[in-house]
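*Asks:* My questions will all concern the structure given below.
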Amino acid sequence: MIDEELGAFLVRLARSTVERALGLQSQAEDETQPAISGLKRGVFVSIYTFPGVDLRGCMGIPLSRTDIFRDTARAAVMSAFHDPRFPSLTPDEIDNVVFEVSVLSEPERLDVRPRADLPRHIRIGVDGLIIEAREGAALLLPQVPVEYGWEAEEYLMHLCLKAGLSLTDWLRDDIQLYRFTADVFAEEEPRGRVIKII
């Protein structure tokens, strides 16, 4: 579990990294990095409009490559400037967006038989999902089905769509499915207090 001090630091790190990339900060915030050593966890950064709460970018690193700080900074840049669904974030927008950081647990394989029983093994609002197939792969964070009001079967269908698969391909025996949990922290308002969402 990620504590609130580290979660708040990661959210501020995500914002300051993007602000530096936009030329709005000359150097990193002068803030003491929490004393942890070599923590490696998958991490995603989501950016939302404020106060409208529309998604403005979300990308991440499902499996850590370096450490939590470098991966958070990299995910922030990816979300702000490389999410193919959105144009790059601009300096004019930075005061009207909030940052959210999701720190992922180690994925656990979902090996359920019969496959039709899979929805009963998914906890909405708790489990994030990963699907892997020869045609593609996708990940959805645990907060996504809550935001859209999906039930477990709808969640699996949207996961398939994101991977470029057919709606019911989660029933195929050759598909690999994984679940994970996440500690999620977000700004209440731009540059505001950071709270734990999940």
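We name chains A, B, ... following the order of the structure tokens; residues begin at 1 in each chain, and ligands are numbered from 1 as shown.
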Just the residues within 6 Å of A:Phe99, please, counting only C-alpha atoms, with nothing from its chain fewer than 5 positions along; format it as a list in words.
*Replies:*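 Returned residues: Ser46, Ile47, Ala186 and Glu187 of chain A.
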*Asks:* Excluding same-chain residues fewer than 2 positions from A:Thr49, what lies within 6 Å of it counting only C-alpha atoms, as a list in words?
*Replies:*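 What passes the distance filter is Gly52, Val53, Asp54, Asn96 and Val97 of chain A.
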*Asks:* In terms of the shortest atom-to-atom distance over only C-alpha atoms, which of A:Val43, A:Leu171, A:Ala14, A:Val184 is closest to A:Arg113?
*Replies:*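 Counting only C-alpha atoms, the residue closest to A:Arg113 is A:Leu171.
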*Asks:* Which is closest to A:Leu118 among A:Phe185, A:Phe50, A:Tyr155, A:Phe9, if we use only C-alpha atoms?
*Replies:*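 Using only C-alpha atoms, A:Leu118 sits closest to A:Tyr155.
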*Asks:* Which of these residues is nearest to A:Gln25, using only C-alpha atoms: A:Gly7, A:Gly60, A:Pro91, A:Gly42?
*Replies:*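 Counting only C-alpha atoms, the residue closest to A:Gln25 is A:Pro91.
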*Asks:* Please list as a list in words every residue within 8 Å of stretch 74-85 of chain A, counting only C-alpha atoms and excluding residues in the same chain fewer than 3 positions away.
*Replies:*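 Answer for this query is Ala14, Arg15, Thr17, Val18, Ala21, Val43, Phe44, Val45, Ser46, Ile47, Arg56, Gly57, Cys58, Met59, Gly60, Ile61, Arg70, Asp71, Ser88 and Leu89 of chain A.
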*Asks:* Residues of stretch 58-106 of chain A within 9 Å of stretch 138-148 of chain A: nearest atom pair and distance (Å, one decimal) for each, counting only C-alpha atoms, sorted by chain and number, as CSV?
*Replies:*
residue,atom,partner,partner_atom,distance
A:Pro62,CA,A:Leu139,CA,8.1
A:Ser102,CA,A:Leu141,CA,8.0
A:Leu104,CA,A:Leu141,CA,8.8
*Asks:* Hey, what's within 9 Å of stretch 133-135 of chain A if we count only C-alpha atoms and toss same-chain stuff fewer than 6 positions away? As a list in words, please?
*Replies:* Ala163, Gly164, Leu165, Asp174, Ile175 and Gln176 of chain A
*Asks:* Could you tell me, as a PyMOL selection string, which residues of stretch 4-125 of chain A DSSP assigns to strand (DSSP E) when given the backbone?
*Replies:* chain A and resi 43-49+55-61+97-104+108-109
*Asks:* What does the distance from atom CA of A:Leu10 to atom CA of A:Asp183 come to in Å, to one decimal?
*Replies:*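 These two atoms are separated by 11.4 Å.
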*Asks:* Could you check the closest approach to A:Ile131 for each of A:Leu6, A:Ile94, A:Leu159, A:Leu167 and tell me which residue wins, using only C-alpha atoms?
*Replies:* A:Leu159
*Asks:* Please provide as a PyMOL selection string all residues within 12 Å of A:Arg109, with the sequence filter that same-chain residues fewer than 4 positions apart are discarded (counting only C-alpha atoms).
*Replies:* chain A and resi 118+121-122+127-132+175-180
